[in-house]
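Visitor: Contents of final_8.txt (compact mmCIF, C-alpha atoms and all ligand atoms):
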# COMPACT_ATOMS: atom_id res chain seq x y z
CA VAL A 1 10.39 14.92 13.57
CA THR A 2 11.20 12.39 16.30
CA VAL A 3 14.39 12.86 18.32
CA THR A 4 15.93 9.73 16.75
CA SER A 5 15.32 10.82 13.17
CA ALA A 6 16.35 14.40 14.07
CA ARG A 7 19.74 13.09 15.24
CA ARG A 8 20.17 11.32 11.91
CA LEU A 9 19.42 14.57 10.10
CA GLY A 10 22.04 16.46 12.16
CA ILE A 11 19.50 18.51 14.12
CA ASP A 12 20.43 19.71 17.62
CA CYS A 13 18.39 17.27 19.77
CA ASP A 14 18.88 19.23 23.01
CA ALA A 15 17.46 22.33 21.36
CA LEU A 16 14.59 20.21 20.05
CA GLN A 17 13.85 18.86 23.56
CA ARG A 18 13.92 22.41 25.00
CA LEU A 19 11.53 23.57 22.28
CA LEU A 20 9.18 20.64 22.94
CA ALA A 21 9.21 21.33 26.70
CA ARG A 22 8.45 25.03 26.10
CA GLU A 23 5.60 24.22 23.69
CA LYS A 24 4.16 21.68 26.13
CA GLU A 25 4.25 24.19 28.98
CA SER A 26 2.61 26.85 26.82
CA PHE A 27 -0.08 24.35 25.68
CA LEU A 28 -0.90 23.33 29.26
CA ALA A 29 -1.11 26.98 30.38
CA LYS A 30 -3.56 27.89 27.60
CA HIS A 31 -5.85 24.86 27.90
CA ARG A 32 -6.76 24.43 31.56
CA GLU A 33 -10.47 23.70 30.94
CA SER A 34 -9.59 21.15 28.23
CA ALA A 35 -7.19 19.52 30.73
CA ARG A 36 -9.99 19.35 33.32
CA LEU A 37 -12.40 17.77 30.79
CA ALA A 38 -9.68 15.36 29.60
CA ALA A 39 -9.17 14.14 33.17
CA ALA A 40 -12.94 13.80 33.69
CA SER A 41 -13.42 11.98 30.35
CA ASP A 42 -10.66 9.51 31.26
CA ALA A 43 -13.04 7.97 33.80
CA HIS A 44 -15.40 6.38 31.24
CA TRP A 45 -13.88 6.66 27.76
CA LEU A 46 -11.09 4.40 26.54
CA ASN A 47 -7.99 6.64 26.32
CA GLY A 48 -10.24 9.51 27.41
CA VAL A 49 -11.97 10.05 24.05
CA PRO A 50 -15.06 8.66 22.29
CA MET A 51 -13.12 7.75 19.12
CA HIS A 52 -9.57 6.37 19.39
CA TRP A 53 -8.07 8.59 16.65
CA MET A 54 -8.96 11.72 18.66
CA ARG A 55 -5.64 11.05 20.48
CA ASP A 56 -3.62 11.10 17.24
CA TRP A 57 -2.51 14.73 17.45
CA ASN A 58 0.42 14.49 19.91
CA THR A 59 -0.81 17.23 22.25
CA PRO A 60 -0.38 16.57 26.01
CA HIS A 61 -4.17 16.07 26.24
CA PRO A 62 -6.98 16.46 23.70
CA LEU A 63 -8.54 19.84 22.98
CA PHE A 64 -12.24 19.99 23.79
CA VAL A 65 -14.31 21.96 21.31
CA ARG A 66 -17.00 24.46 22.27
CA HIS A 67 -18.07 25.02 18.69
CA ALA A 68 -16.84 24.99 15.11
CA ARG A 69 -18.23 27.33 12.45
CA GLY A 70 -17.00 27.96 8.93
CA VAL A 71 -13.19 27.66 9.05
CA GLU A 72 -12.95 28.44 12.76
CA ILE A 73 -12.88 26.27 15.90
CA GLU A 74 -13.27 27.64 19.42
CA ASP A 75 -12.13 25.43 22.29
CA VAL A 76 -13.60 25.31 25.81
CA ASP A 77 -10.90 27.74 27.03
CA GLY A 78 -12.02 30.34 24.48
CA ASN A 79 -8.97 29.87 22.20
CA ARG A 80 -9.85 30.29 18.54
CA TYR A 81 -8.15 28.51 15.65
CA ILE A 82 -8.29 28.62 11.87
CA ASP A 83 -8.97 24.96 11.06
CA PHE A 84 -6.77 23.74 8.19
CA CYS A 85 -7.89 20.11 8.72
CA LEU A 86 -11.65 20.65 8.76
CA GLY A 87 -12.18 17.15 10.14
CA ASP A 88 -12.24 15.54 6.68
CA THR A 89 -15.96 16.05 6.12
CA GLY A 90 -15.92 19.74 7.02
CA ALA A 91 -13.55 20.21 4.06
CA MET A 92 -16.56 19.99 1.77
CA PHE A 93 -18.65 22.77 3.29
CA GLY A 94 -16.82 24.17 6.35
CA HIS A 95 -18.12 23.60 9.89
CA ALA A 96 -21.84 23.87 10.65
CA PRO A 97 -22.96 25.51 7.38
CA PRO A 98 -26.34 27.13 8.21
CA PRO A 99 -28.35 25.47 5.36
CA ILE A 100 -27.15 21.99 6.44
CA ALA A 101 -27.68 22.72 10.16
CA ARG A 102 -31.25 23.85 9.34
CA ALA A 103 -31.92 20.80 7.13
CA LEU A 104 -30.61 18.41 9.82
CA ALA A 105 -32.72 20.04 12.53
CA ALA A 106 -35.84 19.87 10.34
CA ALA A 107 -35.19 16.23 9.29
CA GLY A 108 -34.69 15.24 12.96
CA THR A 109 -38.16 16.36 13.89
CA GLU A 110 -39.66 14.13 11.12
CA GLY A 111 -38.20 10.90 12.56
CA ILE A 112 -34.70 9.46 12.44
CA THR A 113 -34.87 5.66 12.51
CA ALA A 114 -37.97 4.51 10.60
CA MET A 115 -35.85 2.10 8.48
CA LEU A 116 -37.85 3.03 5.38
CA PRO A 117 -36.93 5.41 2.54
CA ALA A 118 -38.19 8.95 3.06
CA GLU A 119 -40.32 10.96 0.67
CA ARG A 120 -37.29 12.96 -0.55
CA VAL A 121 -35.16 9.91 -1.50
CA ALA A 122 -35.99 9.88 -5.23
CA ARG A 123 -35.22 13.61 -5.48
CA VAL A 124 -31.91 13.21 -3.61
CA GLY A 125 -30.88 10.27 -5.85
CA GLU A 126 -31.62 12.35 -8.92
CA LYS A 127 -29.51 15.24 -7.56
CA LEU A 128 -26.57 12.97 -6.69
CA ALA A 129 -26.65 11.36 -10.15
CA HIS A 130 -26.75 14.79 -11.76
CA LEU A 131 -24.02 16.36 -9.57
CA PHE A 132 -21.50 13.51 -9.76
CA ALA A 133 -22.47 11.97 -13.13
CA LEU A 134 -22.78 8.51 -11.52
CA PRO A 135 -26.09 6.71 -12.08
CA PHE A 136 -26.43 4.45 -8.99
CA TRP A 137 -26.03 5.26 -5.31
CA GLN A 138 -25.96 3.47 -1.98
CA MET A 139 -25.63 4.94 1.51
CA THR A 140 -23.48 3.67 4.37
CA GLN A 141 -23.32 5.08 7.89
CA THR A 142 -19.55 5.57 8.11
CA ALA A 143 -16.43 5.52 5.95
CA THR A 144 -15.52 2.17 7.54
CA ASP A 145 -18.82 0.73 6.31
CA ALA A 146 -18.25 2.22 2.86
CA ASN A 147 -14.76 0.67 2.66
CA ARG A 148 -16.03 -2.70 3.87
CA ALA A 149 -18.84 -2.66 1.29
CA VAL A 150 -16.62 -1.56 -1.58
CA LEU A 151 -14.04 -4.28 -0.82
CA ARG A 152 -16.76 -6.89 -0.91
CA TRP A 153 -18.20 -5.51 -4.15
CA ALA A 154 -14.75 -5.25 -5.79
CA ARG A 155 -13.90 -8.84 -4.84
CA ALA A 156 -17.24 -10.09 -6.10
CA VAL A 157 -16.92 -8.22 -9.42
CA THR A 158 -13.23 -8.98 -10.11
CA GLY A 159 -13.08 -12.44 -8.55
CA ARG A 160 -9.73 -11.40 -7.03
CA ALA A 161 -9.00 -11.44 -3.30
CA ARG A 162 -5.88 -9.26 -2.92
CA ILE A 163 -6.10 -5.60 -1.90
CA LEU A 164 -3.45 -2.86 -1.61
CA CYS A 165 -3.42 -0.35 1.27
CA PHE A 166 -1.45 2.86 1.67
CA ASP A 167 0.84 2.28 4.64
CA GLY A 168 0.22 4.49 7.67
CA CYS A 169 -3.12 5.77 6.36
CA TYR A 170 -6.28 5.21 8.32
CA HIS A 171 -9.00 3.31 6.49
CA GLY A 172 -11.33 2.90 9.43
CA THR A 173 -11.66 -0.33 11.34
CA VAL A 174 -11.99 -2.73 8.39
CA ASP A 175 -9.90 -5.75 9.39
CA ASP A 176 -8.44 -6.15 5.90
CA THR A 177 -6.88 -2.68 6.11
CA LEU A 178 -5.39 -2.89 9.63
CA VAL A 179 -1.99 -3.79 8.20
CA ARG A 180 1.48 -2.18 8.19
CA ALA A 181 4.32 -2.49 5.70
CA VAL A 182 7.43 -4.07 7.26
CA PRO A 183 10.75 -4.97 5.66
CA GLY A 184 10.50 -8.59 4.52
CA ALA A 185 13.06 -11.14 3.37
CA ASN A 186 15.49 -10.06 0.59
CA GLY A 187 14.55 -6.41 0.99
CA ALA A 188 11.00 -7.03 -0.23
CA SER A 189 8.21 -5.27 1.61
CA ALA A 190 6.01 -7.61 3.63
CA CYS A 191 2.82 -7.05 5.51
CA ALA A 192 2.21 -7.14 9.26
CA ARG A 193 -0.90 -6.86 11.33
CA SER A 194 -1.90 -7.20 14.92
CA ILE A 195 -3.25 -10.67 15.55
CA ALA A 196 -4.97 -9.75 18.79
CA GLY A 197 -8.63 -10.65 18.61
CA MET A 198 -8.41 -12.24 15.15
CA PRO A 199 -6.72 -15.62 15.54
CA SER A 200 -8.65 -17.44 12.83
CA CYS A 201 -8.34 -14.74 10.16
CA THR A 202 -4.66 -13.87 10.51
CA THR A 203 -3.31 -16.15 7.82
CA GLU A 204 -5.98 -15.13 5.38
CA VAL A 205 -5.39 -11.39 5.80
CA HIS A 206 -1.63 -11.89 5.46
CA GLY A 207 -2.29 -13.53 2.14
CA THR A 208 -4.73 -11.00 0.78
CA SER A 209 -3.65 -7.56 2.08
CA ARG A 210 -0.53 -5.75 0.89
CA SER A 211 0.66 -2.51 2.45
CA SER A 212 2.46 -0.01 0.23
CA PRO A 213 4.67 2.83 1.60
C1 LIG A 301 -9.85 7.10 4.03
C2 LIG A 301 -10.64 6.86 5.28
N1 LIG A 301 -11.30 5.69 5.40
C3 LIG A 301 -12.02 5.44 6.52
C4 LIG A 301 -12.11 6.35 7.56
C5 LIG A 301 -12.93 5.97 8.79
O1 LIG A 301 -14.05 6.75 8.91
P1 LIG A 301 -15.27 6.32 9.87
O2 LIG A 301 -14.85 6.70 11.27
O3 LIG A 301 -16.43 7.14 9.36
O4 LIG A 301 -15.51 4.86 9.74
C6 LIG A 301 -11.45 7.58 7.46
C7 LIG A 301 -11.51 8.56 8.57
O5 LIG A 301 -10.62 9.34 8.78
C8 LIG A 301 -10.70 7.85 6.30
O6 LIG A 301 -10.05 9.02 6.17
As a first step, turn the structure in this file into structure tokens.

Guide:
Amino acid sequence: VTVTSARRLGIDCDALQRLLAREKESFLAKHRESARLAAASDAHWLNGVPMHWMRDWNTPHPLFVRHARGVEIEDVDGNRYIDFCLGDTGAMFGHAPPPIARALAAAGTEGITAMLPAERVARVGEKLAHLFALPFWQMTQTATDANRAVLRWARAVTGRARILCFDGCYHGTVDDTLVRAVPGANGASACARSIAGMPSCTTEVHGTSRSSP
């Protein structure tokens, strides 16, 4: 709850500020090694982190992780947490499940970037089709790539250009989805996006992306 919206809800803002200050102090006291690494990382990483959304969590500085196993994360100061977020992907299997860690280590020693299908590909395709009851599969490297590909496929199949995005949700760095819902004329919801770096595409994205609260 931000202080402005708290005031609207009749919450004691001074008490809220005192609580925030106390929590911040307690966070800084418990995470001295993370603070040191955050300062060091600031030298060569934009905003001090390798991926921009690692600063989304509103802590005074990011937590640096020593390891994550099962449902537990341990930070570099030795604090341990039950992880209710599980970093999206960890939600499927937990952190560092031993069978997957073993399979990754073994696959790494057989070559990583040959740009040709591996011996096991047919078997994996068969398993995916069986597990998810979907006959055809395609791999992408990231969720951004998957979203970009699926938008292109959907537009090609339907012949329609317009897409709808959930406002405030992260869909990766696909330009079509970097939009925000803003109040438009006559109370209608309109769509806004940053134009920085995309001068020639701005009009087109305005016309084809809609952001829904
Ligand atoms: C729905 C959705 N789309 C895309 C992404 C971007 O993922 P990636 O960093 O793998 O491109 C995320 C990541 O949080 C996501 O939750």

Visitor: Using all atoms listed in the file, which residues have at least one atom no more than 7 Å from ligand LIG 301 (chain A)? Output them as a list in words.

Guide: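 So, counting all atoms listed in the file, the residues near ligand LIG 301 (chain A) are Asp88, Thr142, Ala143, Thr144, Asp145, Asn147, Tyr170, His171, Gly172 and Thr173 of chain A.
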
Visitor: Report, in Å to a single decimal, how far apart CA of Glu72 in chain A and CA of Ala21 in chain A are.

Guide: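 A separation of 27.1 Å between them.
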
Visitor: Do you know which residues are at most 12 Å from range 149-155 of chain A counting only C-alpha atoms, after dropping those on the same chain fewer than 5 positions away, and could you put them as a list in words?

Guide: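 Final neighbour list, sorted by chain and number: Gln138, Met139, Thr140, Gln141, Thr142, Ala143, Thr144, Arg160, Ala161, Arg162, Ile163, Leu164, Cys165, His171, Val174, Asp175, Asp176, Thr177, Thr208 and Ser209 of chain A.
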
Visitor: Using only C-alpha atoms, pick whichever of A:Asn79, A:Asn47, A:Gln17, A:Thr113 has the shortest atom-to-atom distance to Ser34 in chain A.

Guide: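 Ranked by minimum distance to Ser34 in chain A, first place goes to A:Asn79.
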
Visitor: Quote the spacing between CA of Pro97 in chain A and CA of Ile73 in chain A in Å to one decimal place.

Guide: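 Calculated distance between CA of Pro97 in chain A and CA of Ile73 in chain A is 13.2 Å.
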
Visitor: Could you name the residues that touch His67 in chain A at 10 Å or less, counting only C-alpha atoms, but leaving out those on the same chain fewer than 4 positions away, as a VMD selection string?

Guide: chain A and resid 72 to 76 78 80 95 to 96

Visitor: Quote the spacing between CA of Ala181 in chain A and CA of Pro213 in chain A in Å to one decimal place.

Guide: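 Straight-line distance from CA of Ala181 in chain A to CA of Pro213 in chain A works out to 6.7 Å.
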
Visitor: Leaving out range 49-55 of chain A and any residue of its chain fewer than 6 positions from it, which residues lie within 12 Å of it when counting only C-alpha atoms, given as a PyMOL selection string?

Guide: chain A and resi 37-43+61-65+87+169-173

Visitor: Please write the residues from the selection above to a file, keeping C-alpha atoms, as a PDB file, in the frame of the given file.

Guide:
ATOM      1  CA  LEU A  37     -12.400  17.770  30.790  1.00  0.00           C
ATOM      2  CA  ALA A  38      -9.680  15.360  29.600  1.00  0.00           C
ATOM      3  CA  ALA A  39      -9.170  14.140  33.170  1.00  0.00           C
ATOM      4  CA  ALA A  40     -12.940  13.800  33.690  1.00  0.00           C
ATOM      5  CA  SER A  41     -13.420  11.980  30.350  1.00  0.00           C
ATOM      6  CA  ASP A  42     -10.660   9.510  31.260  1.00  0.00           C
ATOM      7  CA  ALA A  43     -13.040   7.970  33.800  1.00  0.00           C
ATOM      8  CA  HIS A  61      -4.170  16.070  26.240  1.00  0.00           C
ATOM      9  CA  PRO A  62      -6.980  16.460  23.700  1.00  0.00           C
ATOM     10  CA  LEU A  63      -8.540  19.840  22.980  1.00  0.00           C
ATOM     11  CA  PHE A  64     -12.240  19.990  23.790  1.00  0.00           C
ATOM     12  CA  VAL A  65     -14.310  21.960  21.310  1.00  0.00           C
ATOM     13  CA  GLY A  87     -12.180  17.150  10.140  1.00  0.00           C
ATOM     14  CA  CYS A 169      -3.120   5.770   6.360  1.00  0.00           C
ATOM     15  CA  TYR A 170      -6.280   5.210   8.320  1.00  0.00           C
ATOM     16  CA  HIS A 171      -9.000   3.310   6.490  1.00  0.00           C
ATOM     17  CA  GLY A 172     -11.330   2.900   9.430  1.00  0.00           C
ATOM     18  CA  THR A 173     -11.660  -0.330  11.340  1.00  0.00           C
TER      19      THR A 173
END

Visitor: Taking all atoms listed in the file into account, which of A:Gly207, A:Gly10, A:Gly159, A:Gly111 comes nearest Val179 in chain A?

Guide: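 Distance minimum relative to Val179 in chain A lands on A:Gly207.
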